[in-house]
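Visitor: Next comes the structure file query-v2.pdb, holding PDB, C-alpha atoms.
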ATOM      1  CA  ALA A   1      18.298   8.839  23.338
ATOM      2  CA  GLN A   2      20.989   9.819  20.913
ATOM      3  CA  SER A   3      23.122   7.458  18.865
ATOM      4  CA  VAL A   4      25.820   7.560  16.223
ATOM      5  CA  THR A   5      26.435   5.122  13.400
ATOM      6  CA  GLN A   6      29.703   5.096  11.526
ATOM      7  CA  LEU A   7      29.596   3.067   8.333
ATOM      8  CA  GLY A   8      32.720   1.039   7.871
ATOM      9  CA  SER A   9      34.971   0.124  10.755
ATOM     10  CA  HIS A  10      37.960   0.219   8.418
ATOM     11  CA  VAL A  11      38.548   2.397   5.354
ATOM     12  CA  SER A  12      41.612   2.261   3.113
ATOM     13  CA  VAL A  13      42.517   4.971   0.630
ATOM     14  CA  SER A  14      45.548   5.676  -1.503
ATOM     15  CA  GLU A  15      47.736   8.623  -0.695
ATOM     16  CA  GLY A  16      46.324  11.649  -2.530
ATOM     17  CA  ALA A  17      42.856  10.156  -2.851
ATOM     18  CA  LEU A  18      39.633  11.516  -1.417
ATOM     19  CA  VAL A  19      38.841  10.567   2.161
ATOM     20  CA  LEU A  20      35.167  10.034   3.028
ATOM     21  CA  LEU A  21      34.174   8.773   6.459
ATOM     22  CA  ARG A  22      30.459   8.390   7.022
ATOM     23  CA  CYS A  23      28.514   9.299  10.120
ATOM     24  CA  ASN A  24      24.775   9.231  10.733
ATOM     25  CA  TYR A  25      23.209  10.275  13.982
ATOM     26  CA  SER A  26      19.900  10.171  15.734
ATOM     27  CA  SER A  27      18.922  12.739  18.289
ATOM     28  CA  SER A  28      15.622  13.951  19.647
ATOM     29  CA  VAL A  29      16.814  17.548  19.569
ATOM     30  CA  PRO A  30      19.108  19.484  17.230
ATOM     31  CA  PRO A  31      22.506  18.118  18.123
ATOM     32  CA  TYR A  32      26.039  19.278  18.475
ATOM     33  CA  LEU A  33      28.184  17.074  16.215
ATOM     34  CA  PHE A  34      31.882  16.358  16.430
ATOM     35  CA  TRP A  35      34.655  14.472  14.733
ATOM     36  CA  TYR A  36      37.619  13.346  16.821
ATOM     37  CA  VAL A  37      40.852  11.682  15.693
ATOM     38  CA  GLN A  38      42.800   9.215  17.802
ATOM     39  CA  TYR A  39      46.352   8.219  16.965
ATOM     40  CA  PRO A  40      47.722   4.983  18.491
ATOM     41  CA  ASN A  41      48.124   5.256  22.262
ATOM     42  CA  GLN A  42      47.005   8.858  22.174
ATOM     43  CA  GLY A  43      44.042  10.826  23.435
ATOM     44  CA  LEU A  44      41.181  12.156  21.384
ATOM     45  CA  GLN A  45      41.837  15.303  19.394
ATOM     46  CA  LEU A  46      38.973  17.421  18.111
ATOM     47  CA  LEU A  47      39.024  17.759  14.324
ATOM     48  CA  LEU A  48      35.919  19.880  13.924
ATOM     49  CA  LYS A  49      32.465  20.477  15.329
ATOM     50  CA  TYR A  50      29.054  21.684  14.243
ATOM     51  CA  THR A  51      26.958  23.622  16.708
ATOM     52  CA  THR A  52      25.056  26.341  14.884
ATOM     53  CA  GLY A  53      25.345  28.398  11.736
ATOM     54  CA  ALA A  54      27.029  27.275   8.549
ATOM     55  CA  THR A  55      26.426  23.615   7.851
ATOM     56  CA  LEU A  56      29.800  23.114   6.140
ATOM     57  CA  VAL A  57      32.402  23.055   8.850
ATOM     58  CA  LYS A  58      36.130  23.239   8.253
ATOM     59  CA  GLY A  59      38.510  21.683  10.730
ATOM     60  CA  ILE A  60      42.173  21.078  11.227
ATOM     61  CA  ASN A  61      44.488  19.191   8.870
ATOM     62  CA  GLY A  62      42.331  19.974   5.819
ATOM     63  CA  PHE A  63      39.273  18.042   6.995
ATOM     64  CA  GLU A  64      35.733  19.292   6.646
ATOM     65  CA  ALA A  65      32.256  17.961   7.329
ATOM     66  CA  GLU A  66      28.769  18.924   6.260
ATOM     67  CA  PHE A  67      25.752  18.749   8.526
ATOM     68  CA  LYS A  68      22.744  17.531   6.562
ATOM     69  CA  LYS A  69      19.675  17.613   8.728
ATOM     70  CA  SER A  70      17.441  15.942   6.135
ATOM     71  CA  GLU A  71      19.822  12.992   5.956
ATOM     72  CA  THR A  72      20.827  13.091   9.657
ATOM     73  CA  SER A  73      24.401  12.868   8.461
ATOM     74  CA  PHE A  74      27.723  14.497   9.281
ATOM     75  CA  HIS A  75      30.209  12.889   6.905
ATOM     76  CA  LEU A  76      33.902  13.769   7.164
ATOM     77  CA  THR A  77      35.902  14.482   4.016
ATOM     78  CA  LYS A  78      39.370  15.467   2.952
ATOM     79  CA  PRO A  79      40.225  16.049  -0.717
ATOM     80  CA  SER A  80      43.655  14.438  -0.622
ATOM     81  CA  ALA A  81      44.790  11.850   1.919
ATOM     82  CA  HIS A  82      48.204  12.073   3.503
ATOM     83  CA  MET A  83      50.102   9.272   5.200
ATOM     84  CA  SER A  84      49.861  11.170   8.486
ATOM     85  CA  ASP A  85      46.047  10.911   8.327
ATOM     86  CA  ALA A  86      46.205   7.222   9.219
ATOM     87  CA  ALA A  87      44.390   7.007  12.554
ATOM     88  CA  GLU A  88      41.034   6.139  14.058
ATOM     89  CA  TYR A  89      38.237   8.644  13.629
ATOM     90  CA  PHE A  90      35.256   8.973  15.926
ATOM     91  CA  CYS A  91      32.045  10.801  15.195
ATOM     92  CA  ALA A  92      30.210  12.013  18.293
ATOM     93  CA  VAL A  93      26.948  13.710  19.168
ATOM     94  CA  SER A  94      25.946  15.765  22.169
ATOM     95  CA  ASP A  95      22.461  16.915  23.009
ATOM     96  CA  ARG A  96      22.143  20.657  23.177
ATOM     97  CA  LYS A  97      21.909  21.984  26.683
ATOM     98  CA  ASP A  98      21.010  25.616  26.561
ATOM     99  CA  SER A  99      21.192  26.413  30.238
ATOM    100  CA  GLY A 100      22.067  25.054  33.599
ATOM    101  CA  ALA A 101      24.964  22.886  34.608
ATOM    102  CA  GLY A 102      24.791  20.665  31.578
ATOM    103  CA  SER A 103      27.881  19.030  30.265
ATOM    104  CA  TYR A 104      29.508  17.816  27.111
ATOM    105  CA  GLN A 105      28.205  14.296  27.502
ATOM    106  CA  LEU A 106      29.285  12.819  24.205
ATOM    107  CA  THR A 107      27.934   9.704  22.574
ATOM    108  CA  PHE A 108      30.553   8.266  20.242
ATOM    109  CA  GLY A 109      30.260   6.080  17.203
ATOM    110  CA  LYS A 110      32.225   2.835  17.032
ATOM    111  CA  GLY A 111      35.040   4.521  15.146
ATOM    112  CA  THR A 112      36.532   4.119  11.684
ATOM    113  CA  LYS A 113      40.163   3.154  11.235
ATOM    114  CA  LEU A 114      41.635   4.966   8.260
ATOM    115  CA  SER A 115      44.583   3.395   6.474
ATOM    116  CA  VAL A 116      46.493   5.348   3.835
ATOM    117  CA  ILE A 117      48.295   3.314   1.202
ATOM    118  CA  PRO A 118      51.451   4.821  -0.296
TER     119      PRO A 118
ATOM    120  CA  ALA B   1      49.929  25.313  26.045
ATOM    121  CA  ALA B   2      48.994  23.259  29.072
ATOM    122  CA  GLY B   3      46.851  20.230  28.368
ATOM    123  CA  VAL B   4      44.813  17.811  30.425
ATOM    124  CA  ILE B   5      47.170  15.699  32.524
ATOM    125  CA  GLN B   6      46.242  12.196  33.567
ATOM    126  CA  SER B   7      48.173  10.004  35.920
ATOM    127  CA  PRO B   8      49.308   7.377  35.902
ATOM    128  CA  ARG B   9      49.615   6.687  32.174
ATOM    129  CA  HIS B  10      49.648   2.952  32.750
ATOM    130  CA  LEU B  11      48.401   0.896  35.675
ATOM    131  CA  ILE B  12      48.328  -2.830  36.262
ATOM    132  CA  LYS B  13      46.132  -4.175  39.045
ATOM    133  CA  GLU B  14      44.925  -7.576  40.131
ATOM    134  CA  LYS B  15      41.278  -8.605  40.348
ATOM    135  CA  ARG B  16      39.484  -7.307  43.418
ATOM    136  CA  GLU B  17      42.085  -4.589  43.997
ATOM    137  CA  THR B  18      41.350  -0.868  43.962
ATOM    138  CA  ALA B  19      42.692   1.823  41.659
ATOM    139  CA  THR B  20      42.682   5.595  41.691
ATOM    140  CA  LEU B  21      43.050   7.563  38.493
ATOM    141  CA  LYS B  22      43.818  11.263  38.566
ATOM    142  CA  CYS B  23      42.978  14.037  36.159
ATOM    143  CA  TYR B  24      44.349  17.554  36.186
ATOM    144  CA  PRO B  25      42.286  19.793  33.895
ATOM    145  CA  ILE B  26      43.565  22.649  31.826
ATOM    146  CA  PRO B  27      44.069  25.685  34.116
ATOM    147  CA  ARG B  28      40.814  27.621  34.661
ATOM    148  CA  HIS B  29      38.697  24.786  33.295
ATOM    149  CA  ASP B  30      35.904  24.055  35.728
ATOM    150  CA  THR B  31      34.276  21.016  34.144
ATOM    151  CA  VAL B  32      35.724  17.512  34.043
ATOM    152  CA  TYR B  33      34.438  14.428  32.228
ATOM    153  CA  TRP B  34      35.456  10.774  32.498
ATOM    154  CA  TYR B  35      35.175   8.278  29.658
ATOM    155  CA  GLN B  36      35.996   4.577  29.443
ATOM    156  CA  GLN B  37      37.223   3.051  26.181
ATOM    157  CA  GLY B  38      37.393  -0.738  26.149
ATOM    158  CA  PRO B  39      39.645  -2.582  23.680
ATOM    159  CA  GLY B  40      38.393  -1.870  20.163
ATOM    160  CA  GLN B  41      35.424   0.048  21.536
ATOM    161  CA  ASP B  42      34.190   3.603  21.363
ATOM    162  CA  PRO B  43      34.577   5.810  24.433
ATOM    163  CA  GLN B  44      31.674   5.573  26.874
ATOM    164  CA  PHE B  45      30.740   8.486  29.110
ATOM    165  CA  LEU B  46      31.044   7.700  32.799
ATOM    166  CA  ILE B  47      30.513  10.874  34.800
ATOM    167  CA  SER B  48      31.142  14.609  34.796
ATOM    168  CA  PHE B  49      31.630  17.375  37.334
ATOM    169  CA  TYR B  50      31.052  21.112  37.176
ATOM    170  CA  GLU B  51      32.336  23.327  39.958
ATOM    171  CA  LYS B  52      33.005  20.297  42.152
ATOM    172  CA  MET B  53      29.453  18.994  41.846
ATOM    173  CA  GLN B  54      28.411  15.998  39.810
ATOM    174  CA  SER B  55      26.661  17.310  36.718
ATOM    175  CA  ASP B  56      25.934  14.202  34.635
ATOM    176  CA  LYS B  57      26.130  10.485  35.168
ATOM    177  CA  GLY B  58      26.510   7.878  32.474
ATOM    178  CA  SER B  59      27.326   4.200  32.559
ATOM    179  CA  ILE B  60      29.508   4.306  35.646
ATOM    180  CA  PRO B  61      29.401   1.082  37.706
ATOM    181  CA  ASP B  62      28.465   1.313  41.376
ATOM    182  CA  ARG B  63      31.960   0.046  42.199
ATOM    183  CA  PHE B  64      33.354   3.287  40.816
ATOM    184  CA  SER B  65      33.165   6.710  42.389
ATOM    185  CA  ALA B  66      34.602  10.049  41.441
ATOM    186  CA  GLN B  67      34.939  13.532  42.778
ATOM    187  CA  GLN B  68      36.273  16.914  41.826
ATOM    188  CA  PHE B  69      38.386  18.793  44.328
ATOM    189  CA  SER B  70      38.705  22.481  45.184
ATOM    190  CA  ASP B  71      41.619  22.852  42.759
ATOM    191  CA  TYR B  72      39.360  21.295  40.060
ATOM    192  CA  HIS B  73      41.401  18.139  39.673
ATOM    193  CA  SER B  74      39.359  14.969  39.674
ATOM    194  CA  GLU B  75      39.910  11.415  40.844
ATOM    195  CA  LEU B  76      38.180   8.265  39.666
ATOM    196  CA  ASN B  77      38.181   5.570  42.331
ATOM    197  CA  MET B  78      37.616   2.013  41.213
ATOM    198  CA  SER B  79      37.094  -0.818  43.676
ATOM    199  CA  SER B  80      36.710  -4.594  43.410
ATOM    200  CA  LEU B  81      38.340  -4.468  40.006
ATOM    201  CA  GLU B  82      37.208  -6.963  37.399
ATOM    202  CA  LEU B  83      38.941  -8.159  34.250
ATOM    203  CA  GLY B  84      36.333  -6.260  32.237
ATOM    204  CA  ASP B  85      37.477  -2.978  33.753
ATOM    205  CA  SER B  86      40.628  -3.178  31.630
ATOM    206  CA  ALA B  87      40.341  -0.149  29.386
ATOM    207  CA  LEU B  88      41.695   3.234  28.479
ATOM    208  CA  TYR B  89      40.203   5.855  30.783
ATOM    209  CA  PHE B  90      40.024   9.353  29.395
ATOM    210  CA  CYS B  91      39.527  12.550  31.237
ATOM    211  CA  ALA B  92      38.433  15.698  29.433
ATOM    212  CA  SER B  93      38.000  19.239  30.657
ATOM    213  CA  SER B  94      36.216  22.327  29.460
ATOM    214  CA  LEU B  95      35.584  25.858  30.608
ATOM    215  CA  LEU B  96      31.930  26.108  31.430
ATOM    216  CA  PRO B  97      29.415  23.422  30.556
ATOM    217  CA  ALA B  98      28.064  22.961  27.080
ATOM    218  CA  SER B  99      27.828  26.054  24.949
ATOM    219  CA  PRO B 100      28.476  26.546  21.234
ATOM    220  CA  ASN B 101      31.938  27.900  21.825
ATOM    221  CA  THR B 102      33.025  25.416  24.457
ATOM    222  CA  GLU B 103      35.388  22.635  23.547
ATOM    223  CA  ALA B 104      36.247  19.654  25.695
ATOM    224  CA  PHE B 105      39.950  18.804  25.603
ATOM    225  CA  PHE B 106      40.948  15.208  26.222
ATOM    226  CA  GLY B 107      43.928  13.898  28.121
ATOM    227  CA  GLN B 108      46.080  11.067  26.799
ATOM    228  CA  GLY B 109      44.338   8.567  28.999
ATOM    229  CA  THR B 110      45.269   6.053  31.652
ATOM    230  CA  ARG B 111      45.538   2.484  30.423
ATOM    231  CA  LEU B 112      44.301   0.184  33.171
ATOM    232  CA  THR B 113      45.035  -3.516  32.891
ATOM    233  CA  VAL B 114      43.391  -5.847  35.367
ATOM    234  CA  VAL B 115      45.022  -9.268  35.635
TER     235      VAL B 115
END
Please render this file's structure as C-alpha coordinates.
Guide:
Amino acid sequence: AQSVTQLGSHVSVSEGALVLLRCNYSSSVPPYLFWYVQYPNQGLQLLLKYTTGATLVKGINGFEAEFKKSETSFHLTKPSAHMSDAAEYFCAVSDRKDSGAGSYQLTFGKGTKLSVIP
Amino acid sequence: AAGVIQSPRHLIKEKRETATLKCYPIPRHDTVYWYQQGPGQDPQFLISFYEKMQSDKGSIPDRFSAQQFSDYHSELNMSSLELGDSALYFCASSLLPASPNTEAFFGQGTRLTVV
(Lines of atoms letter the chains of each structure in order from A and count residues from 1; the text may use other names and numbers.)
(Lines give C-alpha, C1' and ligand atoms only; values in the text may rest on other atoms or scores of the structure.)
Protein backbone atom coordinates (compact mmCIF):
# COMPACT_ATOMS: atom_id res chain seq x y z
CA ALA A 1 0.00 0.00 0.00
CA GLN A 2 1.19 3.48 -0.76
CA SER A 3 1.13 6.43 1.61
CA VAL A 4 2.19 10.05 1.73
CA THR A 5 3.41 12.05 4.70
CA GLN A 6 3.53 15.81 4.60
CA LEU A 7 5.51 17.33 7.45
CA GLY A 8 3.83 20.38 8.84
CA SER A 9 0.14 21.02 8.40
CA HIS A 10 0.81 24.75 8.38
CA VAL A 11 3.87 26.64 7.12
CA SER A 12 4.35 30.40 7.27
CA VAL A 13 6.98 32.26 5.27
CA SER A 14 7.68 35.91 4.62
CA GLU A 15 7.10 37.31 1.18
CA GLY A 16 10.30 36.82 -0.83
CA ALA A 17 11.54 33.99 1.37
CA LEU A 18 12.23 30.42 0.34
CA VAL A 19 9.27 28.06 0.35
CA LEU A 20 9.96 24.44 1.35
CA LEU A 21 7.10 21.99 1.73
CA ARG A 22 8.10 18.48 2.68
CA CYS A 23 6.70 15.25 1.33
CA ASN A 24 7.79 11.68 1.98
CA TYR A 25 6.14 8.71 0.38
CA SER A 26 6.08 4.98 0.64
CA SER A 27 5.29 2.79 -2.30
CA SER A 28 6.02 -0.81 -3.16
CA VAL A 29 6.84 0.12 -6.74
CA PRO A 30 8.47 3.16 -8.34
CA PRO A 31 5.78 5.78 -8.02
CA TYR A 32 4.36 8.66 -9.92
CA LEU A 33 4.53 11.72 -7.64
CA PHE A 34 2.50 14.89 -7.79
CA TRP A 35 2.04 18.22 -6.10
CA TYR A 36 -1.37 19.87 -6.27
CA VAL A 37 -2.43 23.32 -5.04
CA GLN A 38 -5.89 24.13 -3.75
CA TYR A 39 -7.09 27.69 -3.30
CA PRO A 40 -10.09 28.31 -1.00
CA ASN A 41 -13.29 26.85 -2.43
CA GLN A 42 -11.46 25.75 -5.55
CA GLY A 43 -10.53 22.47 -7.15
CA LEU A 44 -7.12 20.87 -7.21
CA GLN A 45 -4.64 22.26 -9.70
CA LEU A 46 -1.59 20.27 -10.73
CA LEU A 47 1.64 22.11 -9.95
CA LEU A 48 4.07 19.48 -11.18
CA LYS A 49 4.61 15.75 -11.44
CA TYR A 50 7.42 13.22 -11.56
CA THR A 51 6.96 10.12 -13.66
CA THR A 52 10.26 9.21 -15.28
CA GLY A 53 13.47 10.87 -16.35
CA ALA A 54 14.99 13.92 -14.71
CA THR A 55 14.54 13.88 -10.97
CA LEU A 56 14.32 17.68 -10.69
CA VAL A 57 10.92 18.67 -11.95
CA LYS A 58 9.87 22.22 -12.71
CA GLY A 59 6.23 23.20 -12.47
CA ILE A 60 4.02 26.20 -12.79
CA ASN A 61 4.31 29.44 -10.82
CA GLY A 62 8.05 28.97 -10.22
CA PHE A 63 7.71 25.81 -8.13
CA GLU A 64 9.98 22.81 -8.48
CA ALA A 65 10.45 19.49 -6.72
CA GLU A 66 13.19 16.90 -6.60
CA PHE A 67 12.55 13.18 -6.48
CA LYS A 68 15.05 11.53 -4.15
CA LYS A 69 14.62 7.80 -4.23
CA SER A 70 17.14 7.15 -1.46
CA GLU A 71 15.22 9.45 0.87
CA THR A 72 11.75 8.56 -0.51
CA SER A 73 11.12 12.28 -0.68
CA PHE A 74 9.57 14.73 -3.12
CA HIS A 75 9.90 18.12 -1.44
CA LEU A 76 8.39 21.20 -3.09
CA THR A 77 10.39 24.43 -3.25
CA LYS A 78 10.12 27.93 -4.57
CA PRO A 79 12.99 30.41 -4.22
CA SER A 80 10.86 33.45 -3.44
CA ALA A 81 7.35 33.34 -2.00
CA HIS A 82 4.63 35.57 -3.36
CA MET A 83 1.42 36.55 -1.63
CA SER A 84 -0.53 34.69 -4.31
CA ASP A 85 1.16 31.43 -3.24
CA ALA A 86 -0.95 31.30 -0.08
CA ALA A 87 -3.01 28.13 -0.48
CA GLU A 88 -3.11 24.50 0.58
CA TYR A 89 -0.65 22.14 -1.07
CA PHE A 90 -1.15 18.42 -1.43
CA CYS A 91 1.49 15.87 -2.27
CA ALA A 92 0.14 12.73 -3.93
CA VAL A 93 1.43 9.37 -5.11
CA SER A 94 0.10 6.97 -7.70
CA ASP A 95 1.32 3.46 -8.30
CA ARG A 96 2.64 2.94 -11.78
CA LYS A 97 0.30 1.00 -14.00
CA ASP A 98 2.07 0.11 -17.17
CA SER A 99 -0.77 -1.51 -19.03
CA GLY A 100 -4.42 -2.29 -18.91
CA ALA A 101 -7.28 -0.13 -17.77
CA GLY A 102 -5.47 1.26 -14.78
CA SER A 103 -6.30 4.67 -13.50
CA TYR A 104 -4.82 7.65 -11.78
CA GLN A 105 -5.82 6.47 -8.34
CA LEU A 106 -4.07 9.06 -6.22
CA THR A 107 -3.24 8.79 -2.56
CA PHE A 108 -2.94 12.26 -1.07
CA GLY A 109 -1.07 13.55 1.92
CA LYS A 110 -2.92 15.49 4.60
CA GLY A 111 -1.98 18.79 3.00
CA THR A 112 0.10 21.77 4.08
CA LYS A 113 -1.44 25.21 4.37
CA LEU A 114 1.03 27.85 3.24
CA SER A 115 0.68 31.35 4.62
CA VAL A 116 2.73 34.21 3.18
CA ILE A 117 3.41 37.13 5.47
CA PRO A 118 3.82 40.55 3.86
CA ALA B 1 -10.13 25.76 -22.65
CA ALA B 2 -12.96 23.58 -21.42
CA GLY B 3 -12.52 22.17 -17.95
CA VAL B 4 -14.20 19.51 -15.87
CA ILE B 5 -17.70 20.66 -14.99
CA GLN B 6 -19.40 19.50 -11.83
CA SER B 7 -22.97 20.17 -10.86
CA PRO B 8 -24.37 21.29 -8.63
CA ARG B 9 -21.65 23.37 -6.96
CA HIS B 10 -23.46 23.29 -3.64
CA LEU B 11 -26.08 20.88 -2.32
CA ILE B 12 -27.85 20.70 1.01
CA LYS B 13 -29.68 17.51 1.90
CA GLU B 14 -31.26 16.08 5.01
CA LYS B 15 -30.22 12.82 6.66
CA ARG B 16 -31.53 9.72 4.92
CA GLU B 17 -32.18 11.61 1.68
CA THR B 18 -30.52 10.82 -1.64
CA ALA B 19 -28.24 12.98 -3.76
CA THR B 20 -26.93 12.79 -7.29
CA LEU B 21 -23.74 14.55 -8.28
CA LYS B 22 -22.83 15.03 -11.91
CA CYS B 23 -19.49 15.32 -13.63
CA TYR B 24 -18.86 16.36 -17.21
CA PRO B 25 -15.28 15.55 -18.21
CA ILE B 26 -13.11 17.53 -20.54
CA PRO B 27 -14.16 16.75 -24.15
CA ARG B 28 -12.52 13.55 -25.45
CA HIS B 29 -11.47 12.46 -21.97
CA ASP B 30 -12.53 8.88 -21.42
CA THR B 31 -11.59 8.34 -17.79
CA VAL B 32 -13.37 9.81 -14.78
CA TYR B 33 -12.39 9.68 -11.11
CA TRP B 34 -14.35 10.61 -7.98
CA TYR B 35 -12.75 11.82 -4.76
CA GLN B 36 -14.23 12.81 -1.41
CA GLN B 37 -12.60 15.51 0.71
CA GLY B 38 -13.98 15.84 4.23
CA PRO B 39 -13.56 19.07 6.21
CA GLY B 40 -9.85 19.62 6.83
CA GLN B 41 -9.03 16.28 5.24
CA ASP B 42 -7.09 15.12 2.22
CA PRO B 43 -9.03 13.90 -0.81
CA GLN B 44 -9.88 10.20 -0.71
CA PHE B 45 -10.30 8.18 -3.89
CA LEU B 46 -13.77 6.73 -4.29
CA ILE B 47 -14.08 5.17 -7.73
CA SER B 48 -13.03 5.56 -11.35
CA PHE B 49 -14.37 4.66 -14.78
CA TYR B 50 -12.67 4.06 -18.10
CA GLU B 51 -14.75 3.77 -21.25
CA LYS B 52 -17.93 3.44 -19.19
CA MET B 53 -16.60 0.52 -17.16
CA GLN B 54 -15.51 0.71 -13.55
CA SER B 55 -11.73 0.59 -13.52
CA ASP B 56 -10.78 1.08 -9.86
CA LYS B 57 -12.62 1.16 -6.58
CA GLY B 58 -11.47 2.89 -3.44
CA SER B 59 -13.20 3.73 -0.19
CA ILE B 60 -16.66 4.17 -1.64
CA PRO B 61 -19.46 3.23 0.80
CA ASP B 62 -22.02 0.65 -0.29
CA ARG B 63 -24.66 3.38 -0.06
CA PHE B 64 -22.98 5.12 -2.97
CA SER B 65 -22.99 4.06 -6.59
CA ALA B 66 -21.65 5.62 -9.73
CA GLN B 67 -21.67 5.13 -13.44
CA GLN B 68 -20.27 6.61 -16.60
CA PHE B 69 -22.60 7.19 -19.52
CA SER B 70 -22.14 6.90 -23.28
CA ASP B 71 -21.26 10.60 -23.51
CA TYR B 72 -18.60 9.97 -20.81
CA HIS B 73 -20.27 12.08 -18.17
CA SER B 74 -20.51 10.43 -14.79
CA GLU B 75 -22.97 10.51 -11.92
CA LEU B 76 -22.36 9.69 -8.28
CA ASN B 77 -25.52 8.54 -6.53
CA MET B 78 -25.60 8.73 -2.77
CA SER B 79 -28.42 7.22 -0.73
CA SER B 80 -29.36 7.17 2.95
CA LEU B 81 -27.20 10.22 3.49
CA GLU B 82 -25.43 10.58 6.81
CA LEU B 83 -23.99 13.65 8.49
CA GLY B 84 -20.52 12.24 7.84
CA ASP B 85 -21.12 12.38 4.09
CA SER B 86 -20.79 16.17 4.26
CA ALA B 87 -17.74 16.85 2.14
CA LEU B 88 -16.38 18.33 -1.04
CA TYR B 89 -16.72 15.81 -3.85
CA PHE B 90 -14.25 16.16 -6.68
CA CYS B 91 -14.44 14.71 -10.11
CA ALA B 92 -11.36 14.47 -12.30
CA SER B 93 -10.93 13.35 -15.88
CA SER B 94 -8.08 12.22 -18.05
CA LEU B 95 -7.51 10.97 -21.55
CA LEU B 96 -6.52 7.36 -21.28
CA PRO B 97 -5.66 5.68 -18.00
CA ALA B 98 -2.35 6.17 -16.28
CA SER B 99 0.61 6.85 -18.51
CA PRO B 100 3.58 9.17 -18.02
CA ASN B 101 2.07 11.87 -20.16
CA THR B 102 -1.46 11.67 -18.83
CA GLU B 103 -2.71 14.30 -16.45
CA ALA B 104 -5.91 14.16 -14.46
CA PHE B 105 -7.74 17.49 -14.40
CA PHE B 106 -9.96 18.23 -11.42
CA GLY B 107 -13.28 20.00 -11.36
CA GLN B 108 -14.12 22.64 -8.77
CA GLY B 109 -16.07 20.17 -6.71
CA THR B 110 -19.56 19.83 -5.33
CA ARG B 111 -19.92 20.81 -1.69
CA LEU B 112 -22.47 18.51 -0.09
CA THR B 113 -23.87 19.45 3.30
CA VAL B 114 -26.03 16.93 5.10
CA VAL B 115 -28.17 18.38 7.88
Visitor: For chain A, report every residue with an atom at most 12 Å from chain B (counting only C-alpha atoms), formatted as number ranges by chain.
Guide: A: 3-6, 9-10, 31-34, 36-53, 88-113
Visitor: Please indicate the distance in Å from atom CA of Ile5 of chain B to atom CA of Ile26 of chain B, rounded to one decimal place.
Guide: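 About the pair atom CA of Ile5 of chain B and atom CA of Ile26 of chain B: they are 7.9 Å apart.
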Visitor: Can you tell me how far atom CA of Tyr24 of chain B sits from atom CA of His73 of chain B, in Å to one decimal?
Guide: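 Going from atom CA of Tyr24 of chain B over to atom CA of His73 of chain B covers 4.6 Å.
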Visitor: State, in Å with one decimal place, the distance from atom CA of Ser7 of chain B to atom CA of Phe64 of chain B.
Guide: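 Here the two named atoms are 17.0 Å from each other.
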Visitor: Could you tell me which residues the PyMOL selection byres ((chain A and resi 24) around 8) grabs in this file, written as JSON, numbers by chain?
Guide: {"A": [4, 5, 6, 22, 23, 25, 26, 71, 72, 73, 74, 75]}
Visitor: On this structure, which residues satisfy the PyMOL selection byres ((chain B and resi 19) around 9), written as a PyMOL selection string?
Guide: chain B and resi 11+13+17-18+20-21+76-81+112
Visitor: Which polymer residues have any atom within 7 Å of an atom of Val19 of chain A, counting all atoms listed in the file, with same-chain residues fewer than 3 positions away left out, as a list of chain:residue names?
Guide: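 What passes the distance filter is A:Val13, A:Thr77, A:Lys78, A:Pro79, A:Ser80, A:Ala81.
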Visitor: Check the smallest atom-to-atom distance from each of B:Val114, B:Glu75, B:Asp30, B:Leu95 to Gln6 of chain B using all atoms listed in the file, then report the winner.
Guide: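 So, comparing all the options, the nearest one is B:Glu75.
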Visitor: Determine, counting all atoms listed in the file, which protein, DNA and RNA residues have an atom within 6 Å of an atom of Val116 of chain A; residues of the same chain fewer than 6 positions away are not included. Present the result as a VMD selection string.
Guide: chain A and resid 12 to 15 83 86
